[in-house]
$ cat upload.cif   # mmCIF, C-alpha atoms
data_model
#
loop_
_atom_site.label_atom_id
_atom_site.label_comp_id
_atom_site.auth_asym_id
_atom_site.auth_seq_id
_atom_site.Cartn_x
_atom_site.Cartn_y
_atom_site.Cartn_z
CA ASN A 1 -74.87 105.48 69.84
CA THR A 2 -71.75 105.59 67.78
CA LYS A 3 -69.67 105.71 70.91
CA ASP A 4 -71.53 102.76 72.37
CA PHE A 5 -71.07 100.82 69.15
CA GLN A 6 -67.36 101.51 69.18
CA GLN A 7 -67.09 100.41 72.77
CA ARG A 8 -68.98 97.21 72.10
CA PHE A 9 -66.85 96.57 69.01
CA GLN A 10 -63.64 97.10 70.94
CA SER A 11 -64.86 94.84 73.71
CA LEU A 12 -65.24 92.09 71.13
CA GLN A 13 -61.65 92.39 69.91
CA ALA A 14 -60.09 90.38 72.71
CA PRO A 15 -62.58 87.48 72.54
CA MET A 16 -62.30 87.45 68.74
CA LEU A 17 -58.52 87.33 68.88
CA ARG A 18 -58.69 84.63 71.50
CA ARG A 19 -61.19 82.69 69.40
CA ARG A 20 -59.02 83.15 66.34
CA GLY A 21 -56.02 81.82 68.24
CA GLU A 22 -58.01 78.83 69.45
CA LEU A 23 -59.18 78.10 65.91
CA GLU A 24 -55.63 78.38 64.59
CA ASP A 25 -54.41 76.09 67.36
CA SER A 26 -57.13 73.62 66.43
CA VAL A 27 -56.17 73.79 62.75
CA HIS A 28 -52.51 73.25 63.64
CA LEU A 29 -53.45 70.30 65.83
CA GLN A 30 -55.65 68.67 63.21
CA THR A 31 -53.00 69.22 60.55
CA PHE A 32 -50.38 67.67 62.82
CA LEU A 33 -52.60 64.70 63.68
CA ARG A 34 -53.42 64.16 60.00
CA ASP A 35 -49.74 64.21 59.02
CA LEU A 36 -48.86 61.94 61.92
CA ASP A 37 -51.58 59.43 61.00
CA GLU A 38 -50.27 59.34 57.43
CA GLU A 39 -46.77 58.54 58.70
CA MET A 40 -48.09 55.88 61.04
CA ARG A 41 -49.92 54.27 58.12
CA TRP A 42 -46.75 54.44 56.03
CA ILE A 43 -44.83 52.65 58.77
CA LYS A 44 -47.60 50.07 59.18
CA ASP A 45 -47.63 49.39 55.43
CA HIS A 46 -43.85 48.81 55.35
CA MET A 47 -43.51 46.89 58.60
CA PRO A 48 -44.50 43.47 57.15
CA ALA A 49 -41.65 43.65 54.63
CA ALA A 50 -39.17 44.55 57.38
CA THR A 51 -40.36 41.78 59.71
CA SER A 52 -40.73 38.97 57.18
CA ASN A 53 -39.20 35.64 58.18
CA ASP A 54 -38.77 34.52 54.57
CA TYR A 55 -35.02 34.42 53.92
CA GLY A 56 -35.09 32.23 50.81
CA LYS A 57 -34.76 28.48 50.43
CA SER A 58 -32.18 28.66 47.63
CA LEU A 59 -29.31 30.93 46.67
CA ASP A 60 -31.30 32.53 43.87
CA ALA A 61 -34.29 33.17 46.15
CA ALA A 62 -32.09 34.59 48.93
CA LEU A 63 -30.33 36.94 46.51
CA LYS A 64 -33.66 38.19 45.15
CA LEU A 65 -34.98 38.82 48.66
CA GLN A 66 -31.75 40.62 49.58
CA LYS A 67 -32.06 42.88 46.53
CA LYS A 68 -35.71 43.55 47.36
CA HIS A 69 -34.79 44.46 50.93
CA GLN A 70 -32.09 46.83 49.74
CA LYS A 71 -34.80 48.72 47.88
CA LEU A 72 -36.87 48.82 51.08
CA GLU A 73 -33.94 50.26 53.02
CA VAL A 74 -33.44 52.94 50.38
CA GLU A 75 -37.13 53.78 50.66
CA VAL A 76 -36.97 53.90 54.46
CA THR A 77 -33.88 56.11 54.41
CA GLY A 78 -35.52 58.41 51.89
CA HIS A 79 -38.62 58.72 54.07
CA GLN A 80 -36.66 59.76 57.16
CA PRO A 81 -37.04 63.52 56.44
CA MET A 82 -40.84 63.17 56.41
CA ILE A 83 -40.79 61.59 59.87
CA GLU A 84 -38.46 64.29 61.15
CA LYS A 85 -40.70 66.99 59.67
CA VAL A 86 -43.81 65.73 61.50
CA LEU A 87 -41.88 65.33 64.75
CA SER A 88 -40.56 68.87 64.32
CA GLU A 89 -44.11 70.15 63.85
CA GLY A 90 -45.13 68.44 67.07
CA GLN A 91 -42.17 69.86 68.94
CA ASP A 92 -43.03 73.36 67.72
CA LEU A 93 -46.58 72.95 69.08
CA ILE A 94 -45.24 71.71 72.41
CA GLU A 95 -42.85 74.65 72.71
CA ALA A 96 -45.71 77.00 71.85
CA GLN A 97 -47.57 75.52 74.83
CA HIS A 98 -50.45 74.26 72.73
CA TYR A 99 -53.56 73.40 74.72
CA ALA A 100 -53.26 69.73 73.60
CA VAL A 101 -49.59 69.49 74.58
CA GLU A 102 -49.99 66.15 76.36
CA GLU A 103 -51.75 64.54 73.39
CA ILE A 104 -49.15 65.95 70.99
CA ASP A 105 -46.27 64.72 73.13
CA GLY A 106 -47.82 61.25 73.32
CA LYS A 107 -48.36 61.12 69.56
CA CYS A 108 -44.76 62.19 68.93
CA GLU A 109 -43.54 59.45 71.23
CA GLU A 110 -45.75 56.93 69.42
CA LEU A 111 -44.38 57.95 66.02
CA SER A 112 -40.77 57.95 67.21
CA SER A 113 -41.18 54.50 68.72
CA ALA A 114 -42.85 53.07 65.60
CA TRP A 115 -40.18 54.54 63.33
CA ALA A 116 -37.35 53.26 65.52
CA GLU A 117 -38.88 49.77 65.44
CA LEU A 118 -39.18 49.85 61.65
CA VAL A 119 -35.53 50.88 61.27
CA GLU A 120 -34.36 48.30 63.81
CA ARG A 121 -36.34 45.45 62.28
CA SER A 122 -35.14 46.46 58.83
CA GLU A 123 -31.52 46.30 60.01
CA GLU A 124 -32.15 42.91 61.64
CA ARG A 125 -33.65 41.56 58.43
CA ARG A 126 -30.68 42.86 56.44
CA ALA A 127 -28.33 40.94 58.74
CA GLN A 128 -30.44 37.77 58.54
CA LEU A 129 -30.65 37.98 54.75
CA SER A 130 -26.89 38.41 54.58
CA LEU A 131 -26.48 35.24 56.65
CA SER A 132 -29.03 33.47 54.47
CA VAL A 133 -27.18 34.39 51.29
CA GLU A 134 -23.90 33.26 52.82
CA GLY A 135 -25.46 30.00 53.98
CA GLN A 136 -27.06 29.31 50.60
CA GLN A 137 -23.78 30.16 48.89
CA PHE A 138 -22.07 27.63 51.16
CA LEU A 139 -24.60 24.96 50.18
CA ALA A 140 -24.23 25.80 46.48
CA ASP A 141 -20.43 25.57 46.74
CA ALA A 142 -20.73 22.33 48.69
CA ASN A 143 -23.00 20.90 45.96
CA GLU A 144 -20.41 21.80 43.33
CA VAL A 145 -17.58 20.16 45.27
CA GLU A 146 -19.67 17.06 45.97
CA SER A 147 -20.52 16.70 42.27
CA TRP A 148 -16.84 17.00 41.39
CA VAL A 149 -15.86 14.45 44.04
CA ALA A 150 -18.54 12.00 42.84
CA GLU A 151 -17.36 12.34 39.22
CA LYS A 152 -13.67 11.95 40.05
CA SER A 153 -14.35 9.09 42.46
CA ARG A 154 -15.70 7.08 39.53
CA LEU A 155 -12.51 7.79 37.59
CA ALA A 156 -10.31 6.98 40.58
CA SER A 157 -12.16 3.69 41.10
CA SER A 158 -11.43 2.52 37.55
CA THR A 159 -9.41 -0.66 37.19
CA ASP A 160 -8.26 0.33 33.71
CA TYR A 161 -4.52 0.84 34.16
CA GLY A 162 -3.69 0.77 30.46
CA LYS A 163 -3.41 -2.11 28.01
CA ASP A 164 0.17 -1.30 27.09
CA GLU A 165 3.06 0.88 28.23
CA ASP A 166 1.95 3.89 26.15
CA ALA A 167 -1.63 3.71 27.46
CA ALA A 168 -0.32 3.39 31.02
CA GLU A 169 1.87 6.46 30.54
CA LYS A 170 -1.10 8.47 29.27
CA ALA A 171 -3.22 7.31 32.21
CA ILE A 172 -0.49 8.43 34.63
CA THR A 173 -0.33 11.87 32.98
CA LYS A 174 -4.11 12.19 33.27
CA HIS A 175 -3.98 11.07 36.89
CA LYS A 176 -1.33 13.68 37.75
CA ALA A 177 -3.59 16.38 36.28
CA LEU A 178 -6.37 15.07 38.52
CA GLU A 179 -4.06 15.35 41.53
CA VAL A 180 -3.52 19.04 40.70
CA ASP A 181 -7.30 19.54 40.58
CA LEU A 182 -7.62 17.67 43.86
CA ALA A 183 -5.27 20.15 45.56
CA THR A 184 -7.43 23.01 44.27
CA TYR A 185 -10.62 21.45 45.61
CA GLN A 186 -8.96 20.68 48.92
CA GLY A 187 -8.37 24.42 49.20
CA LEU A 188 -12.05 25.04 48.46
CA VAL A 189 -13.08 22.60 51.19
CA LYS A 190 -10.79 24.44 53.60
CA GLN A 191 -12.49 27.72 52.69
CA LEU A 192 -15.88 26.11 53.25
CA GLN A 193 -14.72 25.07 56.70
CA HIS A 194 -13.99 28.70 57.58
CA LYS A 195 -17.39 29.77 56.19
CA ALA A 196 -19.18 27.08 58.19
CA GLN A 197 -17.43 28.20 61.38
CA ARG A 198 -18.27 31.84 60.71
CA LEU A 199 -21.93 31.00 60.11
CA LYS A 200 -21.99 29.04 63.36
CA GLU A 201 -20.48 31.94 65.30
CA SER A 202 -22.98 34.32 63.67
CA GLY A 203 -25.88 32.24 64.92
CA HIS A 204 -27.11 31.02 61.53
CA VAL A 205 -30.40 29.17 61.95
CA ASN A 206 -29.07 26.16 59.98
CA ALA A 207 -25.56 26.22 61.46
CA LYS A 208 -25.69 22.55 62.56
CA THR A 209 -26.88 21.39 59.13
CA ILE A 210 -24.06 23.36 57.51
CA GLN A 211 -21.49 21.92 59.94
CA ASP A 212 -22.73 18.38 59.25
CA ARG A 213 -22.65 19.03 55.51
CA HIS A 214 -19.03 20.13 55.73
CA SER A 215 -18.09 17.08 57.80
CA ASN A 216 -19.63 14.82 55.17
CA LEU A 217 -17.79 16.72 52.47
CA GLU A 218 -14.47 16.24 54.25
CA GLY A 219 -15.21 12.51 54.52
CA GLN A 220 -15.96 12.27 50.80
CA MET A 221 -12.78 14.16 49.99
CA LYS A 222 -10.68 11.82 52.14
CA SER A 223 -12.24 8.80 50.43
CA LEU A 224 -11.32 10.29 47.06
CA GLU A 225 -7.76 10.89 48.26
CA THR A 226 -7.52 7.22 49.25
CA LEU A 227 -8.89 6.06 45.89
CA MET A 228 -6.50 8.30 44.02
CA GLY A 229 -3.56 7.13 46.11
CA ASP A 230 -4.41 3.49 45.37
CA ARG A 231 -4.86 4.21 41.67
CA SER A 232 -1.54 6.03 41.53
CA VAL A 233 0.19 2.94 42.97
CA HIS A 234 -1.58 0.60 40.51
CA LEU A 235 -0.75 2.86 37.55
CA ASP A 236 2.93 2.93 38.52
CA GLU A 237 2.91 -0.86 38.91
CA SER A 238 1.20 -1.23 35.53
CA LYS A 239 3.78 1.01 33.87
CA GLN A 240 6.63 -0.89 35.52
CA LEU A 241 5.10 -4.21 34.46
CA PHE A 242 4.77 -3.11 30.82
CA ALA A 243 8.31 -1.67 30.94
CA TYR A 244 9.59 -4.95 32.38
CA ALA A 245 7.77 -6.90 29.68
CA ARG A 246 9.22 -4.64 26.98
CA GLU A 247 12.72 -4.90 28.40
CA THR A 248 12.31 -8.67 28.70
CA ASP A 249 11.19 -8.89 25.09
CA ASP A 250 14.15 -6.75 24.02
CA LEU A 251 16.53 -8.92 26.01
CA GLN A 252 15.00 -12.09 24.61
CA GLU A 253 15.35 -10.72 21.10
CA TRP A 254 18.99 -9.80 21.76
CA ILE A 255 19.67 -13.25 23.20
CA ASN A 256 18.03 -14.94 20.23
CA GLU A 257 20.05 -12.86 17.77
CA HIS A 258 23.34 -13.63 19.51
CA LEU A 259 22.39 -17.25 20.03
CA MET A 260 21.98 -17.64 16.31
CA VAL A 261 25.42 -16.19 15.76
CA ALA A 262 26.93 -18.31 18.49
CA SER A 263 25.37 -21.53 17.17
CA SER A 264 26.25 -20.94 13.53
CA GLU A 265 28.34 -23.72 11.88
CA ASP A 266 29.81 -21.32 9.37
CA TYR A 267 33.48 -21.34 10.34
CA GLY A 268 34.78 -19.69 7.17
CA GLN A 269 36.58 -21.17 4.11
CA ASP A 270 40.03 -19.83 4.86
CA TYR A 271 41.95 -17.77 7.34
CA GLU A 272 40.58 -14.49 6.06
CA HIS A 273 36.97 -15.62 6.54
CA LEU A 274 37.46 -16.73 10.12
#
$ encode --input "upload.cif" --output "structure tokens"
Amino acid sequence: NTKDFQQRFQSLQAPMLRRRGELEDSVHLQTFLRDLDEEMRWIKDHMPAATSNDYGKSLDAALKLQKKHQKLEVEVTGHQPMIEKVLSEGQDLIEAQHYAVEEIDGKCEELSSAWAELVERSEERRAQLSLSVEGQQFLADANEVESWVAEKSRLASSTDYGKDEDAAEKAITKHKALEVDLATYQGLVKQLQHKAQRLKESGHVNAKTIQDRHSNLEGQMKSLETLMGDRSVHLDESKQLFAYARETDDLQEWINEHLMVASSEDYGQDYEHL
């Protein structure tokens, strides 16, 4: 009986080991599938942020979205090891010739594809946000230049050329300072032209609007240049007129003084007083 029992017990060893191996394989599979599902959910949860089409309708909004996306990219980069760990687990099961090798291989491919899409879409959004920030910065700079042009156009349109020579001189000094500022803003408009061209070449969604905005800005700047040129001429004429009037008054005063001397009837009382 003891011998029979031992024989029966030994005959059970192989099936038990096989069963144990099958159970371990099943546990490994379920663990792998659980981990993979968690990663797929993680990707699904973060995909909307990476695929958003909201790039901001103002510079402040675009900058905030860019900062938010930078945090997403840090999070995605930090999660990369978890994805690689699950894929490594799947590869180990495939190399061990697991009974569910086809399912495991398919799941690994699904995870790899989903992760690659998340990374790619995240990179695309980063590029689009960068363009958005640059475009909004262009519009903000254009607004600043337009405000300056509008303000200075009012000054350049003034018909106040000074009420006297001193006032005219001060107006000319002020106008020359404005001409220096004009040169600075002309440089800014030139920079905006390069930015507009770069945004166009980069395929910015509002490239045409930006190009039109720059064209209008150039037109406003040229109008200001014309106004300032005309005012400069009028200021010089005003100064010359006041200078002529002053010199005329001085000459008239000199003539009057000498005329009085010349018309005097005081011929002296003797030779010494002549």
$ resolve_selection --input "upload.cif" --expression "the PyMOL selection byres ((chain A and resi 121) around 12)" --output "PyMOL selection string"
chain A and resi 43+46-53+69+72-73+76+114-120+122-128
$ atom_distance --input "upload.cif" --atom1 "atom CA of A:Arg154" --atom2 "atom CA of A:His175"
12.7 Å
$ resolve_selection --input "upload.cif" --expression "the PyMOL selection byres ((chain A and resi 223) around 12)" --output "PyMOL selection string"
chain A and resi 146+149-150+152-154+156-157+182+216-222+224-230
$ closest_residue --input "upload.cif" --among "A:Thr77, A:Gln211, A:Ser58, A:Gln137" --to "A:Gln197" --atoms "only C-alpha atoms"
A:Gln211
$ atom_distance --input "upload.cif" --atom1 "atom CA of A:Ala243" --atom2 "atom CA of A:Leu155"
23.8 Å
$ axis_aligned_box --input "upload.cif" --around "stretch 98-107 of chain A" --padding-each-side "5 Å" --output "JSON"
{"center_x": -49.9, "center_y": 67.7, "center_z": 73.0, "size_x": 17.3, "size_y": 23.1, "size_z": 16.8}
$ atom_distance --input "upload.cif" --atom1 "atom CA of A:Lys190" --atom2 "atom CA of A:Phe138"
12.0 Å
$ closest_residue --input "upload.cif" --among "A:Lys44, A:Lys64, A:Arg246, A:His194" --to "A:Val133" --atoms "all atoms listed in the file"
A:Lys64
$ closest_residue --input "upload.cif" --among "A:Glu237, A:Glu110, A:Glu134, A:Glu38" --to "A:Val205" --atoms "only C-alpha atoms"
A:Glu134
$ residues_around --input "upload.cif" --residues "A:Ala168" --least-positions-apart "6" --cutoff "6 Å" --atoms "only C-alpha atoms" --output "PyMOL selection string"
chain A and resi 161-162+239
$ closest_residue --input "upload.cif" --among "A:Ser113, A:Ala183, A:Thr173, A:Arg213" --to "A:Ala140" --atoms "all atoms listed in the file"
A:Arg213
$ resolve_selection --input "upload.cif" --expression "the PyMOL selection byres ((chain A and resi 81-84) around 9)" --output "number ranges by chain"
A: 36, 39, 77-80, 85-89, 111-112, 115
$ closest_residue --input "upload.cif" --among "A:Ser215, A:Thr184, A:Asn206, A:Gln30" --to "A:Ser132" --atoms "only C-alpha atoms"
A:Asn206
$ closest_residue --input "upload.cif" --among "A:Asp35, A:Asp54, A:Asp166, A:Glu201" --to "A:Phe242" --atoms "only C-alpha atoms"
A:Asp166
$ residues_around --input "upload.cif" --residues "A:His214" --least-positions-apart "4" --cutoff "9 Å" --atoms "only C-alpha atoms" --output "ChimeraX atom specification"
/A:142,189,192-193,196,209-210,218-219
